[in-house]
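Here the structure comes first, spelled out in structure tokens, and everything after it is commentary.
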Amino acid sequence: MNYWLVKSEPFKYSWDKFTADKETFWDGVRNYQARNNLKEMKKGDLVLFYHSNEGKNVVGIAKVTKEFYQDPTTEDKNWVVVNLIPVQALKNPVSLATIKADERLANISLVKQGRLSVMGLKPEEFDRILELGE
């Protein structure tokens, strides 16, 4: 199993909207590195859901239910989506400030490549964020 983090601005697509929808395809990715990360996702992989810009918190855990396919919001064959379902909200959202202050997360992509919207996580990074969210 692999671990990931996806970002969404809450005013565009929030955790609450995601949980109400019960499943979504993760669209709108227009960065090649982020797109390549979507292509690496496998059914069953776990994904942290991060609110960017407003809040700047990891707020929940999602799961990949369908591997990459053509993004239905564009005819450009370069872009893909995956399907995600919500698994659970974190008891306590984990802020970007908390992540930056944790030396165990010093090399996490969220800090090193802050503008990337879909990124891989090491298992220990994923687990540490869950610990911080308890």
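Residues are referred to by chain and number: the chain letter is A, B, ... according to the order shown in the structure tokens, the number counts from 1 in that chain, and ligands are numbered separately from 1 in the order shown.
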Tell me, counting only C-alpha atoms, for each residue of segment 14-49 of chain A within 8 Å of segment 64-83 of chain A, which pair of atoms is nearest and how far apart they are in Å to one decimal, in rows ordered by chain and increasing number, as a tab-separated table.
residue	atom	partner	partner_atom	distance
A:Glu23	CA	A:Asn83	CA	6.9
A:Thr24	CA	A:Asn83	CA	5.5
A:Phe25	CA	A:Asn83	CA	4.2
A:Trp26	CA	A:Val81	CA	5.2
A:Asp27	CA	A:Val81	CA	5.3
A:Gly28	CA	A:Thr73	CA	7.6
A:Val29	CA	A:Trp79	CA	7.0
A:Arg30	CA	A:Trp79	CA	6.9
A:Arg35	CA	A:Val80	CA	6.7
A:Leu38	CA	A:Phe68	CA	6.5
A:Lys39	CA	A:Phe68	CA	5.5
A:Met41	CA	A:Glu67	CA	6.3
A:Lys42	CA	A:Glu67	CA	5.6
A:Lys43	CA	A:Val64	CA	5.0
A:Gly44	CA	A:Val64	CA	5.2
A:Asp45	CA	A:Val64	CA	5.4
A:Leu46	CA	A:Val64	CA	6.5
A:Val47	CA	A:Val64	CA	7.4
For the residues in that selection, give me N, CA and C atoms as an mmCIF file, in the first residue's frame.
data_model
loop_
_atom_site.group_PDB
_atom_site.id
_atom_site.type_symbol
_atom_site.label_atom_id
_atom_site.label_comp_id
_atom_site.auth_asym_id
_atom_site.auth_seq_id
_atom_site.Cartn_x
_atom_site.Cartn_y
_atom_site.Cartn_z
ATOM 1 N N GLU A 23 -18.272 9.912 -2.542
ATOM 2 C CA GLU A 23 -17.222 9.501 -3.484
ATOM 3 C C GLU A 23 -17.059 10.625 -4.501
ATOM 4 N N THR A 24 -15.843 10.781 -4.994
ATOM 5 C CA THR A 24 -15.591 11.788 -6.021
ATOM 6 C C THR A 24 -14.445 11.335 -6.903
ATOM 7 N N PHE A 25 -14.363 11.936 -8.083
ATOM 8 C CA PHE A 25 -13.131 11.773 -8.862
ATOM 9 C C PHE A 25 -12.313 13.032 -8.619
ATOM 10 N N TRP A 26 -11.003 12.840 -8.473
ATOM 11 C CA TRP A 26 -10.097 13.937 -8.122
ATOM 12 C C TRP A 26 -9.634 14.598 -9.415
ATOM 13 N N ASP A 27 -10.313 15.689 -9.779
ATOM 14 C CA ASP A 27 -10.062 16.334 -11.064
ATOM 15 C C ASP A 27 -9.357 17.673 -10.901
ATOM 16 N N GLY A 28 -9.055 18.274 -12.028
ATOM 17 C CA GLY A 28 -8.470 19.613 -12.034
ATOM 18 C C GLY A 28 -6.962 19.653 -11.880
ATOM 19 N N VAL A 29 -6.312 18.513 -11.789
ATOM 20 C CA VAL A 29 -4.853 18.485 -11.647
ATOM 21 C C VAL A 29 -4.233 18.850 -12.992
ATOM 22 N N ARG A 30 -3.428 19.910 -12.997
ATOM 23 C CA ARG A 30 -2.810 20.385 -14.239
ATOM 24 C C ARG A 30 -1.311 20.614 -14.067
ATOM 25 N N ARG A 35 0.087 14.928 -11.681
ATOM 26 C CA ARG A 35 -0.580 13.959 -12.553
ATOM 27 C C ARG A 35 0.116 12.600 -12.484
ATOM 28 N N LEU A 38 -0.951 10.862 -9.435
ATOM 29 C CA LEU A 38 -2.275 10.244 -9.597
ATOM 30 C C LEU A 38 -2.154 8.907 -10.324
ATOM 31 N N LYS A 39 -1.298 8.858 -11.337
ATOM 32 C CA LYS A 39 -1.118 7.623 -12.103
ATOM 33 C C LYS A 39 -0.498 6.502 -11.272
ATOM 34 N N MET A 41 -1.207 5.995 -8.047
ATOM 35 C CA MET A 41 -2.150 5.568 -7.010
ATOM 36 C C MET A 41 -2.801 4.246 -7.387
ATOM 37 N N LYS A 42 -2.938 3.391 -6.396
ATOM 38 C CA LYS A 42 -3.548 2.079 -6.584
ATOM 39 C C LYS A 42 -4.794 1.953 -5.714
ATOM 40 N N LYS A 43 -5.745 1.159 -6.190
ATOM 41 C CA LYS A 43 -6.959 0.908 -5.423
ATOM 42 C C LYS A 43 -6.574 0.425 -4.029
ATOM 43 N N GLY A 44 -7.154 1.064 -3.005
ATOM 44 C CA GLY A 44 -6.870 0.707 -1.618
ATOM 45 C C GLY A 44 -5.846 1.605 -0.946
ATOM 46 N N ASP A 45 -5.077 2.374 -1.735
ATOM 47 C CA ASP A 45 -4.120 3.311 -1.131
ATOM 48 C C ASP A 45 -4.862 4.320 -0.265
ATOM 49 N N LEU A 46 -4.210 4.757 0.807
ATOM 50 C CA LEU A 46 -4.790 5.754 1.697
ATOM 51 C C LEU A 46 -4.247 7.140 1.380
ATOM 52 N N VAL A 47 -5.118 8.139 1.553
ATOM 53 C CA VAL A 47 -4.841 9.503 1.119
ATOM 54 C C VAL A 47 -5.245 10.472 2.226
#
| field | Distance criterion (only C-alpha atoms): nearest to Met119 of chain A out of A:Asp102, A:Glu40, A:Glu134, A:Asp21 | value |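 Checking each of A:Asp102, A:Glu40, A:Glu134, A:Asp21 against Met119 of chain A, counting only C-alpha atoms, the winner is A:Glu40.
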Contacts of Val58 of chain A at 8 Å (only C-alpha atoms; same-chain gap of 4+ positions) as a CSV table (one decimal) with C-alpha atoms, in the first residue's frame:
chain,number,residue,atom,x,y,z
A,48,LEU,CA,-4.7,12.4,3.5
A,49,PHE,CA,-7.1,15.3,2.6
A,50,TYR,CA,-5.6,18.7,3.2
A,51,HIS,CA,-7.4,22.0,3.1
A,90,LEU,CA,-9.2,13.4,11.9
A,93,PRO,CA,-7.0,18.7,12.2
A,94,VAL,CA,-3.2,18.8,11.8
A,95,SER,CA,-2.1,22.3,10.8
A,96,LEU,CA,0.7,23.1,8.4
| Could you pull the residues within 12 Å of Trp15 of chain A, counting only C-alpha atoms, minus those fewer than 3 positions along the same chain, as an NGL selection string? | :A and (6-12 or 18-24 or 48-52 or 55 or 57-62 or 84-90 or 93)
| message | According to DSSP computed on the backbone, where in segment 17-87 of chain A is there strand (DSSP E)? Give the residues as a ChimeraX atom specification. | response | /A:24-25,46-51,57-70,80-87
Let me see the file: selected residues, C-alpha atoms, as a short mmCIF file (atom, residue, chain, number, x, y, z; two decimals), in the first residue's frame.
data_model
loop_
_atom_site.label_atom_id
_atom_site.label_comp_id
_atom_site.auth_asym_id
_atom_site.auth_seq_id
_atom_site.Cartn_x
_atom_site.Cartn_y
_atom_site.Cartn_z
CA THR A 24 -15.59 11.79 -6.02
CA PHE A 25 -13.13 11.77 -8.86
CA LEU A 46 -4.79 5.75 1.70
CA VAL A 47 -4.84 9.50 1.12
CA LEU A 48 -4.69 12.44 3.52
CA PHE A 49 -7.09 15.26 2.63
CA TYR A 50 -5.55 18.70 3.16
CA HIS A 51 -7.39 22.02 3.13
CA ASN A 57 -4.93 21.59 7.85
CA VAL A 58 -4.94 17.88 7.19
CA VAL A 59 -8.58 17.15 7.99
CA GLY A 60 -9.28 13.56 6.99
CA ILE A 61 -8.37 10.23 5.46
CA ALA A 62 -9.62 9.01 2.07
CA LYS A 63 -9.13 5.83 0.09
CA VAL A 64 -8.53 5.25 -3.63
CA THR A 65 -11.42 3.25 -5.09
CA LYS A 66 -10.60 3.50 -8.80
CA GLU A 67 -7.20 3.88 -10.42
CA PHE A 68 -6.44 6.60 -12.96
CA TYR A 69 -8.53 7.25 -16.04
CA GLN A 70 -9.10 10.17 -18.42
CA VAL A 80 -6.26 11.96 -15.41
CA VAL A 81 -8.34 11.45 -12.28
CA VAL A 82 -8.72 8.78 -9.60
CA ASN A 83 -11.80 8.03 -7.52
CA LEU A 84 -11.68 8.62 -3.77
CA ILE A 85 -14.02 7.89 -0.87
CA PRO A 86 -13.84 9.46 2.59
CA VAL A 87 -12.74 7.06 5.34
#
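Among A:Gly120, A:Ile129, A:Ala106, A:Asn31, the residue with the shortest atom-to-atom distance to Leu5 of chain A, counting only C-alpha atoms, is A:Gly120.
Of the residues listed (A:Asn92, A:Asn37, A:Thr98, A:Asn53), A:Asn53 shows the shortest atom-to-atom separation from Arg115 of chain A; distances use only C-alpha atoms.
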| task | Assign secondary structure with DSSP using the backbone only, and return the residues of segment 13-123 of chain A in helix (DSSP H, G or I) as a ChimeraX atom specification. | result | /A:15-21,32-40,96-101,103-105,109-112,123
| Hey, can you check how far atom CA of Ile99 of chain A sits from atom CA of Asn36 of chain A? |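 Value for the atom CA of Ile99 of chain A-atom CA of Asn36 of chain A distance: 24.5 Å.
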| query | atom CA of Glu125 of chain A and atom CA of Tyr3 of chain A are how many Å apart? | reply | 8.9 Å
